[in-house]
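Presented below is the structure to which this report refers.
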There are 4 protein chains.
Amino acid sequence: MNGKLQIETISSVVLKDNPLGDPRRREIPVYLPPSYGAKRGRRYPVIFWLPGFTGTGRGAVNYNPWNETLVERFDRLIAAGRAREAILVIGDGFTAYGGSQYLNSSATGRYEDFIVSELVGYVEDKFAVVREREGRALFGKSSGGYGALILGMRHADVFAHVASHCGDAAFEACYAGDLLKLCAAVEKHGGSLERLVAEFRRSRDKKGFDHAVINALGMASAYSPNPKSPVGFDVPVDLRTGALLPSVWKRWEALDPVRACVRHAAALRSLKTLWFDAGTRDEFHLHLGARRLSDELKRLKIKHVYEEHGFGHMDMQPRYDVSLSLLSRRCARVDSTERPAKS
Amino acid sequence: MNGKLQIETISSVVLKDNPLGDPRRREIPVYLPPSYGAKRGRRYPVIFWLPGFTGTGRGAVNYNPWNETLVERFDRLIAAGRAREAILVIGDGFTAYGGSQYLNSSATGRYEDFIVSELVGYVEDKFAVVREREGRALFGKSSGGYGALILGMRHADVFAHVASHCGDAAFEACYAGDLLKLCAAVEKHGGSLERLVAEFRRSRDKKGFDHAVINALGMASAYSPNPKSPVGFDVPVDLRTGALLPSVWKRWEALDPVRACVRHAAALRSLKTLWFDAGTRDEFHLHLGARRLSDELKRLKIKHVYEEHGFGHMDMQPRYDVSLSLLSRRCARVDSTERPAKS
Amino acid sequence: MNGKLQIETISSVVLKDNPLGDPRRREIPVYLPPSYGAKRGRRYPVIFWLPGFTGTGRGAVNYNPWNETLVERFDRLIAAGRAREAILVIGDGFTAYGGSQYLNSSATGRYEDFIVSELVGYVEDKFAVVREREGRALFGKSSGGYGALILGMRHADVFAHVASHCGDAAFEACYAGDLLKLCAAVEKHGGSLERLVAEFRRSRDKKGFDHAVINALGMASAYSPNPKSPVGFDVPVDLRTGALLPSVWKRWEALDPVRACVRHAAALRSLKTLWFDAGTRDEFHLHLGARRLSDELKRLKIKHVYEEHGFGHMDMQPRYDVSLSLLSRRCARVDSTERPAKS
Amino acid sequence: MNGKLQIETISSVVLKDNPLGDPRRREIPVYLPPSYGAKRGRRYPVIFWLPGFTGTGRGAVNYNPWNETLVERFDRLIAAGRAREAILVIGDGFTAYGGSQYLNSSATGRYEDFIVSELVGYVEDKFAVVREREGRALFGKSSGGYGALILGMRHADVFAHVASHCGDAAFEACYAGDLLKLCAAVEKHGGSLERLVAEFRRSRDKKGFDHAVINALGMASAYSPNPKSPVGFDVPVDLRTGALLPSVWKRWEALDPVRACVRHAAALRSLKTLWFDAGTRDEFHLHLGARRLSDELKRLKIKHVYEEHGFGHMDMQPRYDVSLSLLSRRCARVDSTERPAKS
C-alpha cells in the first residue's frame, strides 16, 4: 500500500449503555492517502463507508490473500490515477442482531447519531479534513447502501455525496421471504419469539441460525422498535400465520427509500451526488427496488444516476472501482489543498 | 393389487379448441376396488383426486418401484382394513403452463367445468357409483389441494366431502417469491414476457426454466386471464420493478381460499367433510396459509378439521393414509351397498 | 405415436426364486414400429434398451408431458426419417438394491441370463423379428450403457451392435467416492453393514438413503457376491477405514470394461457396431473412463467409435437421437423385409 | 483479551526468491499470555499453530464478531483455568496455490525450513521462551494438521508435542475426487494444465476456480515438484483420462502420514505427545485416514491418542478447547518459571 491504514478505537458517547449491551468502543479503520501529512495545511475530503448487514468496521479490513479489501482497492485506484486522494473511513453499526441499518432505535441504540455526529466529528477533530459537506461522501453496499441512502436523505446537510450499491429498497420485495422464514424459525422454538431471540443471543457462533432469520430480527429491531415488547421490537407479521400486521408494516414502509424519498425530496435535491447501482442478477432482487427508487426520484424530479450491471449480490466488488472513482472526484472539487492553514 | 386400475380416455367437450391447444383427450386412471363387479347393483362412492402443479392424471400412476402410487396406497389401505372400498378417480387439469388450478380461464380452458361436470358425469355414466353428493369426495395436494378447496366451495352441491393437503392459500405468502423470479426471468428474455412465454412454450423439456417461474406463469394464466393481453393473461406485478399491480392482484385475492371462503360460507357450511392439513416444515410455507384459512373458518363458524404434521411439502405422502381413510369412511355412510338394485 | 407400445409381462424362469425375493414377473415395454403387422412375413430388427441404475422396464415408459420417453423419441425419429423401423424392447434388471448391472450374481439373481437368453428368446417367439445377430442391437445409458458393453463383450454371438451412453468404466474413478460414502453410512448404522442393508431393505421409499450409498450396495451385490457373507456380497473396502481390499477389488476390476475388454478382444472385434459416447461435463466423470476404454480398444486394434459431447450426465437425452438413428440403420442392413415368409 | 496479540513481520531468508514469487515477508501473529512480562526471567512454552489450506497467519486473527479466533479462544481458556499460559504463534505457509503443506518443494519454496528453523528461531530470539523441545508444541487443522503430523515426524527433535485435527491422511481417500475435478478443469482450459495454471495465477479473486481444483494444484506443487515440468510440478493422474500415474503417485504416498509413519517410527516414539482427532461427519472423510493412521501407529507400537467426535470438518472449532488445553498442560511441565534468569 502507498497510503496508510490505521485502526482508530472510538469510545462512543451515544452508544454508551445501549440496550443490547453492545460495545460502546468501536474499531474504525481509517485510510490515509499517500500524500497525507506531506504538506502542512492540506485538508482532504472524507469518504465514509458503511458495511453491510453482519459487517463491522474492523472486519472490513480483514486480510485475505485472494480478496482485496476496500482500502486496498482504493489505494490501488489512487496509485493508478483512477481515483483522487481522500481519507476513507470505515464505519460500524454492528449490533447483537447483526446490524442497525444505521438508524436510531430504542431496541438497539443510537447508530444514526453515532455515524452522523460522533464519527464525523471524531474524524474532523483528529484528521486534516475538509470541513464542508461538499467534502464528505457516504456510501455502502446492501444494508450499508441502505444506510447511505437513508442517512443521505436525513442529513444532506452533513453529506453532499451519496452512493449505494444494491441497497435495501422496496421492502416488501426485500424482506417478505425472510419474514416467512422467521415464522418457521419461531415455530421451531415452540412458537416463542422470545425464546428464539434468547437462544440466538446466547449462541456464540450463530451457526444454527439461517441468515434470513437473522436478517428479519435485525430489520425488526431497526425499523419497528417497541420498548413495551418483551424483545424490544415488533415484527410486522403474525408469527403464527405470516399475515402482515399493517400497523407495524407502516413503520417499516416509512423507512423504505422508495417511500421515504417523497418526504425528503428537498434534501435529496440538495445533494451534489446521488448515485446508486444494482445488478440484474442480484440474488435478493435488489435491482427491482433500485428501479422503483429511480422511478420515484424521476417522478419527483430529483437528479440522480442509476446504473445497472450484470453482477450478482455477491460478486459485484468490481463496481467499487466506479463508486470510489466517482466519489473521490466529486469530493475533490472542494479539496482545500493550498488554502492557507488557519491553525 | 387387489383392486383394478384402468385408464379411461375421455375426449372432452369443454376442452375442445382450448386456447393453448392442449389435448382435449385426457387419460384418467380409475381404480376399482376389490369387490367391484362382484355384486350386481352395488354402487360405490367416488373419491376424486386432483394432481398438483405440473402433474397429470396419467403421470399419477407412473411406475416407480420405490414410490407407491396413490392408487397402490389406497389398495393397500383397503386390504388392511384401514380404508373402505370406493372408486378412486385421478383427475387432470394439465395445461401447457403446467396446470390450470382447476379453474375456468379464457387463457387456458374450462378446467373447472371439465372436472365438476364432465368428469363427474363420465364416471357416473360408466361406473356403478353412488349418485348423491354424499357419495362424492374431492381431494388433492398442493395445487390439487387448492383445487379441492376452491371447487368444494363453488360446487358443494356436487361434492359433500373435501380434503386438501398443503393447498395453496394466503397467496401473498405462496407466490411473492415466484413473482420476483418471474421478473428476473423476463429480464433475461430482453424484458419481454411474450418472448419468455414463446420460448417456454417452444421448449420441449422445459429444462431451462425455473419451477418458480413456471409456477408464476401457471398461476397468472389461471387467476388473471385477459383476452386482450398478447399472452392471454395479466401478471400481478410490474415486471420491470416487481411492484404489485393492485387491480390484477385483487383478481388473484378473490380466488385465494383465505378470502374466497367468506363469499362461499354457506356452501362450506353445507359440506359433510371439510378437512385439510399442512406440515410445519413445508418448504413453501403453506402451513401459514392453512392456519389463516382455519382461523377464517372459525371466525365464520364453519365446521372443519385442520391438522398439522411435521413433514415437509415433498415427503408428506404418508398423510394420504389419513385422508384416504377418512374420505372413504365418510363417503361410505351413503354407500348404497345392499340397496335393492333398480335396474 | 405412429407405432404402437405394448407392455409384455414375462414370467421369468431364470429369475424364479432369486435370492432377494425380487419379482420373477417383469413388465417389458415393446415398441412396434408403424408398419409392423402391415406386411405378412416381414421381420424387423430388434433394439434392446437397458435402463440405468434404479431404472425399470416399466418406468422407462412413464408418462411426463415435458419429457419424451425413449419410445416416443424413436417413434418421432422414424416419422421424421431420421431412424429406420425396428422393434424397440425395454429390458429390466431391477433388484432390491436398485439394479443388477445385468450380471449373474449369487447375491441378486441371473440377470445376464434373463436378458441374453430369456428376453431375447421371448421376443423372438412372440414378434416377427430378424433371427440373425446382425439384426439385434443392445444399448443403454449409465449402468445400462455398462450392461450393453459387458453383455456385448460376452455375447457377441447374440448382439452384433452395441452402443453405450456414458457407461460405467474405470471403476476406481466411478465408484471411489461412493464407497467412502458407504463407509460413512455404515458408521451411522452402528458400524454394521448388515444393519444398514436391513434398514435399507425395510424402508419403503428409500428417502433416508443417499444415492451414492445405494449405488455402492448395488455395485457390490453385482460385482462381488459372496454366499458366505451375511449380506450376500463383499464390499471392496474396509468399512471402518475406507482402505481398499485388494482381493475384492480385483473381482470388481475383472468386470471393468477398461480391463475386461482385453479378455474379450476377439468377441469385440466380431461386433458389427461398437459405439459409445460420454459428455465432458459428466457429473460422474464417466468421460474419463470412456476415454480409457477407447485408448485400450485402440491399443488392441478393436474398431469402434467414441464420440464426446458437451452435455452432462443428466441432460444428455438428445444424444439418443444419434444412437437410435445409428443402431436402427445398422440393424436394418439385415432387415429381412421382402424375404419369402417360411411360415 | 487478558493476554496480548502482536503481529510480527518476519522477513524470511529461506523464502527469499521463492519460485512462485510469493512474499518473503510473512505476518506472524504472536499471542503473549496475561502474565507475560510480569516476572523477570520467566520463560514460556510455545505452541505453534499451522493454518489450513488457503489459510494465512494474518488471516487467522481476522475479526468476526460471531467467530472467536484461535487466539481469543486460548485467551478465554486460560482465563477460565482450562488452559495453562503459553505463547501461541500462528505460522504461515501460504503460496500462490493456496498452501505449501509446510513442505520444502522446488515448486513452491522452503516452507518446512521456514517453520522448523526460521520461525522457531525467530520466536526464541525475540520472546522469553522455553528452549527445550519439551516446551514446544505444534498443531493445526486439516492441511495444518497434516503439517503438524509430517513436521512432527521429521523434526521430533524440535517439537515434543504434536496434535492434529482432521489432518490429511490416506491420500487416495483425501484427494481422488479432487484429481478428477482437476481433469475436468483442465479440459475446460483446452486440455492444457499450463493454461489452467496461468489463468489461475492471473485471476485476482480466484472466484472462477473450484476449491477442489485449487486443492489439487496445491497438493501437486507440494508433493510432486518437478523442475523440468513447465508448471514446476507433476500431477499424479493422466489429465486426459484420470488414470493414476504410479511413478508420481508413489511420491505422494511417501508423504502420506499413513505410510510415512513407518519410516519415522523412532522419531514418533520419541514424541511426548502425539494426539489427533477427526469427526465421523467429516465432509472429506478424514476420519477414515485418521483411523488408518491410528491402526498403523498401534501396529508399530507408537503411543498416541486418537479421539473421534461427532462434528464435521467445518464446525469442529469447539475441539480446539481440547487440544489447546492438552498442549498447554503438556508443555507447561517444562515451564521454566522461577529458574534463575541467566541474562
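Every chain in the C-alpha cells has a letter given in the order shown (A, B, ...), and although residue numbers restart at 1 in each chain, ligands are simply numbered from 1 in the order shown.
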
Task: 9 Å contacts from chain C to chain D using only C-alpha atoms, as number ranges by chain - done: C: 170, 172-173, 176-177, 180-181, 183-184, 187-188, 239-243, 280-281, 285, 287-292

Task: Selection near range 120-130 of chain B, 6 Å with only C-alpha atoms, sequence-local residues under 5 positions removed, as a list in words - done: Arg43, Tyr44, Pro45 and Gly135 of chain B

Task: Polymer residues at most 6 Å from range 298-306 of chain D, only C-alpha atoms, same-chain spacing of 2 or more positions, as a PyMOL selection string - done: chain D and resi 269+274-277+295-296

Open item on the list: Could you check the closest approach to Gln317 in chain C for each of B:Lys39, B:Lys207, B:Arg330, B:Lys250 and tell me which residue wins, using only C-alpha atoms?
Closed with: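 Among the listed residues, B:Lys207 lies closest to Gln317 in chain C.
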
TODO: Write out as a VMD selection string which residues come within 12 Å of Asp315 in chain B when counting only C-alpha atoms, dropping same-chain ones fewer than 5 positions away.
DONE: (chain B and resid 67 141 165 to 166 278 to 279 281 to 283 309 to 310 320) or (chain C and resid 205 to 208)

Task: Separation of CA of Leu271 in chain A from CA of Ala163 in chain A, in Å and rounded to one decimal - done: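 These atoms are spaced 10.8 Å apart.
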
- [ ] Mind giving me the straight-line distance from CA of Asp168 in chain B to CA of Ser247 in chain B in Å, one decimal?
- [x]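 Going from CA of Asp168 in chain B over to CA of Ser247 in chain B, I get 20.9 Å.
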
- [ ] Show which residues sit within 9 Å of Glu8 in chain C, as a list in words. Count only C-alpha atoms, and ignore same-chain residues fewer than 6 positions away.
- [x]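 Listing them by chain and then by number gives Arg26, Glu27, Ile28, Pro29 and Val30 of chain C.
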
- [ ] Could you please write out, as JSON, numbers by chain, every residue of range 155-317 of chain D that DSSP assigns to strand (DSSP E)?
- [x] {"D": [161, 162, 163, 164, 165, 273, 274, 275, 276, 277, 278, 279, 305, 306, 307, 308, 309]}

Could you write out the selected residues, including N, CA, C and O atoms, as a PDB file, in the first residue's frame?
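This is the output file again36.pdb:
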ATOM      1  N   HIS D 161       5.652 -32.104  21.227  1.00  0.00           N
ATOM      2  CA  HIS D 161       4.196 -32.295  21.329  1.00  0.00           C
ATOM      3  C   HIS D 161       3.548 -31.968  19.989  1.00  0.00           C
ATOM      4  O   HIS D 161       3.756 -30.878  19.446  1.00  0.00           O
ATOM      5  N   VAL D 162       2.779 -32.895  19.523  1.00  0.00           N
ATOM      6  CA  VAL D 162       2.162 -32.743  18.203  1.00  0.00           C
ATOM      7  C   VAL D 162       0.682 -33.074  18.295  1.00  0.00           C
ATOM      8  O   VAL D 162       0.310 -34.081  18.909  1.00  0.00           O
ATOM      9  N   ALA D 163      -0.130 -32.234  17.690  1.00  0.00           N
ATOM     10  CA  ALA D 163      -1.572 -32.517  17.646  1.00  0.00           C
ATOM     11  C   ALA D 163      -2.115 -32.158  16.273  1.00  0.00           C
ATOM     12  O   ALA D 163      -1.676 -31.181  15.651  1.00  0.00           O
ATOM     13  N   SER D 164      -3.071 -32.950  15.815  1.00  0.00           N
ATOM     14  CA  SER D 164      -3.666 -32.727  14.502  1.00  0.00           C
ATOM     15  C   SER D 164      -5.176 -32.892  14.575  1.00  0.00           C
ATOM     16  O   SER D 164      -5.676 -33.894  15.082  1.00  0.00           O
ATOM     17  N   HIS D 165      -5.890 -31.892  14.069  1.00  0.00           N
ATOM     18  CA  HIS D 165      -7.345 -32.008  13.909  1.00  0.00           C
ATOM     19  C   HIS D 165      -7.624 -32.345  12.458  1.00  0.00           C
ATOM     20  O   HIS D 165      -7.273 -31.567  11.561  1.00  0.00           O
ATOM     21  N   THR D 273       3.992 -36.045  23.213  1.00  0.00           N
ATOM     22  CA  THR D 273       2.547 -36.008  22.944  1.00  0.00           C
ATOM     23  C   THR D 273       2.326 -36.251  21.459  1.00  0.00           C
ATOM     24  O   THR D 273       2.918 -35.567  20.624  1.00  0.00           O
ATOM     25  N   LEU D 274       1.495 -37.234  21.174  1.00  0.00           N
ATOM     26  CA  LEU D 274       1.051 -37.456  19.792  1.00  0.00           C
ATOM     27  C   LEU D 274      -0.460 -37.672  19.875  1.00  0.00           C
ATOM     28  O   LEU D 274      -0.918 -38.720  20.326  1.00  0.00           O
ATOM     29  N   TRP D 275      -1.176 -36.658  19.497  1.00  0.00           N
ATOM     30  CA  TRP D 275      -2.635 -36.638  19.691  1.00  0.00           C
ATOM     31  C   TRP D 275      -3.289 -36.200  18.393  1.00  0.00           C
ATOM     32  O   TRP D 275      -2.826 -35.266  17.749  1.00  0.00           O
ATOM     33  N   PHE D 276      -4.333 -36.870  18.008  1.00  0.00           N
ATOM     34  CA  PHE D 276      -5.092 -36.371  16.846  1.00  0.00           C
ATOM     35  C   PHE D 276      -6.549 -36.775  16.948  1.00  0.00           C
ATOM     36  O   PHE D 276      -6.904 -37.701  17.673  1.00  0.00           O
ATOM     37  N   ASP D 277      -7.360 -36.044  16.248  1.00  0.00           N
ATOM     38  CA  ASP D 277      -8.788 -36.367  16.261  1.00  0.00           C
ATOM     39  C   ASP D 277      -9.364 -36.214  14.857  1.00  0.00           C
ATOM     40  O   ASP D 277      -8.681 -35.794  13.921  1.00  0.00           O
ATOM     41  N   ALA D 278     -10.611 -36.574  14.724  1.00  0.00           N
ATOM     42  CA  ALA D 278     -11.355 -36.380  13.470  1.00  0.00           C
ATOM     43  C   ALA D 278     -12.819 -36.592  13.803  1.00  0.00           C
ATOM     44  O   ALA D 278     -13.163 -37.184  14.836  1.00  0.00           O
ATOM     45  N   GLY D 279     -13.673 -36.093  12.934  1.00  0.00           N
ATOM     46  CA  GLY D 279     -15.111 -36.206  13.177  1.00  0.00           C
ATOM     47  C   GLY D 279     -15.740 -37.226  12.256  1.00  0.00           C
ATOM     48  O   GLY D 279     -15.367 -37.331  11.082  1.00  0.00           O
ATOM     49  N   VAL D 305      -2.780 -40.796  21.103  1.00  0.00           N
ATOM     50  CA  VAL D 305      -4.207 -40.746  21.424  1.00  0.00           C
ATOM     51  C   VAL D 305      -4.950 -40.331  20.171  1.00  0.00           C
ATOM     52  O   VAL D 305      -4.603 -39.333  19.531  1.00  0.00           O
ATOM     53  N   TYR D 306      -5.953 -41.123  19.813  1.00  0.00           N
ATOM     54  CA  TYR D 306      -6.823 -40.739  18.702  1.00  0.00           C
ATOM     55  C   TYR D 306      -8.246 -40.606  19.237  1.00  0.00           C
ATOM     56  O   TYR D 306      -8.777 -41.543  19.814  1.00  0.00           O
ATOM     57  N   GLU D 307      -8.823 -39.455  19.066  1.00  0.00           N
ATOM     58  CA  GLU D 307     -10.192 -39.217  19.535  1.00  0.00           C
ATOM     59  C   GLU D 307     -11.113 -38.972  18.347  1.00  0.00           C
ATOM     60  O   GLU D 307     -10.744 -38.290  17.393  1.00  0.00           O
ATOM     61  N   GLU D 308     -12.313 -39.495  18.457  1.00  0.00           N
ATOM     62  CA  GLU D 308     -13.299 -39.261  17.422  1.00  0.00           C
ATOM     63  C   GLU D 308     -14.469 -38.467  17.990  1.00  0.00           C
ATOM     64  O   GLU D 308     -14.881 -38.704  19.122  1.00  0.00           O
ATOM     65  N   HIS D 309     -14.972 -37.557  17.211  1.00  0.00           N
ATOM     66  CA  HIS D 309     -16.089 -36.749  17.690  1.00  0.00           C
ATOM     67  C   HIS D 309     -17.171 -36.700  16.619  1.00  0.00           C
ATOM     68  O   HIS D 309     -17.009 -37.274  15.540  1.00  0.00           O
TER      69      HIS D 309
END

- [ ] Identify, on the basis of only C-alpha atoms, every residue whose closest approach to His211 in chain B does not exceed 10 Å; exclude the query and any residue fewer than 6 positions from it along the same chain; express the result as a list in words.
- [x]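 The filter keeps Phe53, Thr54, Gly98, Asp178, Lys181 and Leu217 of chain B.
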
Restricting the output to N, CA and C atoms, write the selected residues as a short mmCIF file (atom, residue, chain, number, x, y, z; two decimals), in the first residue's frame.
data_model
loop_
_atom_site.label_atom_id
_atom_site.label_comp_id
_atom_site.auth_asym_id
_atom_site.auth_seq_id
_atom_site.Cartn_x
_atom_site.Cartn_y
_atom_site.Cartn_z
N PHE B 53 -49.47 -29.15 -9.24
CA PHE B 53 -48.98 -28.39 -10.39
C PHE B 53 -47.92 -29.19 -11.15
N THR B 54 -48.03 -29.18 -12.44
CA THR B 54 -47.25 -29.97 -13.41
C THR B 54 -47.62 -31.45 -13.40
N GLY B 98 -48.39 -25.90 -17.20
CA GLY B 98 -48.16 -26.78 -16.05
C GLY B 98 -49.41 -27.10 -15.27
N ASP B 178 -42.13 -16.28 -6.20
CA ASP B 178 -42.20 -16.73 -7.59
C ASP B 178 -42.34 -15.53 -8.54
N LYS B 181 -39.08 -13.91 -9.10
CA LYS B 181 -38.26 -14.71 -10.02
C LYS B 181 -38.77 -14.59 -11.45
N LEU B 217 -46.19 -18.33 -14.14
CA LEU B 217 -46.96 -18.31 -15.40
C LEU B 217 -48.27 -19.07 -15.24
#

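With distances restricted to only C-alpha atoms, D:Gly93 is the closest residue to Ser12 in chain D from D:Gly93, D:Pro246, D:Gly99, D:Gly55.
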
TODO: Would you kindly return, as a list in words, each protein, DNA or RNA residue with an atom no farther than 7 Å from any atom of range 77-83 of chain D, considering only C-alpha atoms and excluding same-chain residues fewer than 5 positions away?
DONE: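 Result of the neighbour search: Leu324, Ser325, Ser328 and Arg329 of chain D.
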
Write the residues of the preceding selection, restricted to C-alpha atoms, as a PDB file, in the first residue's frame.
ATOM      1  CA  LEU D 324      -5.252 -26.136  23.488  1.00  0.00           C
ATOM      2  CA  SER D 325      -5.944 -27.392  26.968  1.00  0.00           C
ATOM      3  CA  SER D 328      -0.656 -26.104  27.101  1.00  0.00           C
ATOM      4  CA  ARG D 329      -0.588 -28.520  30.034  1.00  0.00           C
TER       5      ARG D 329
END
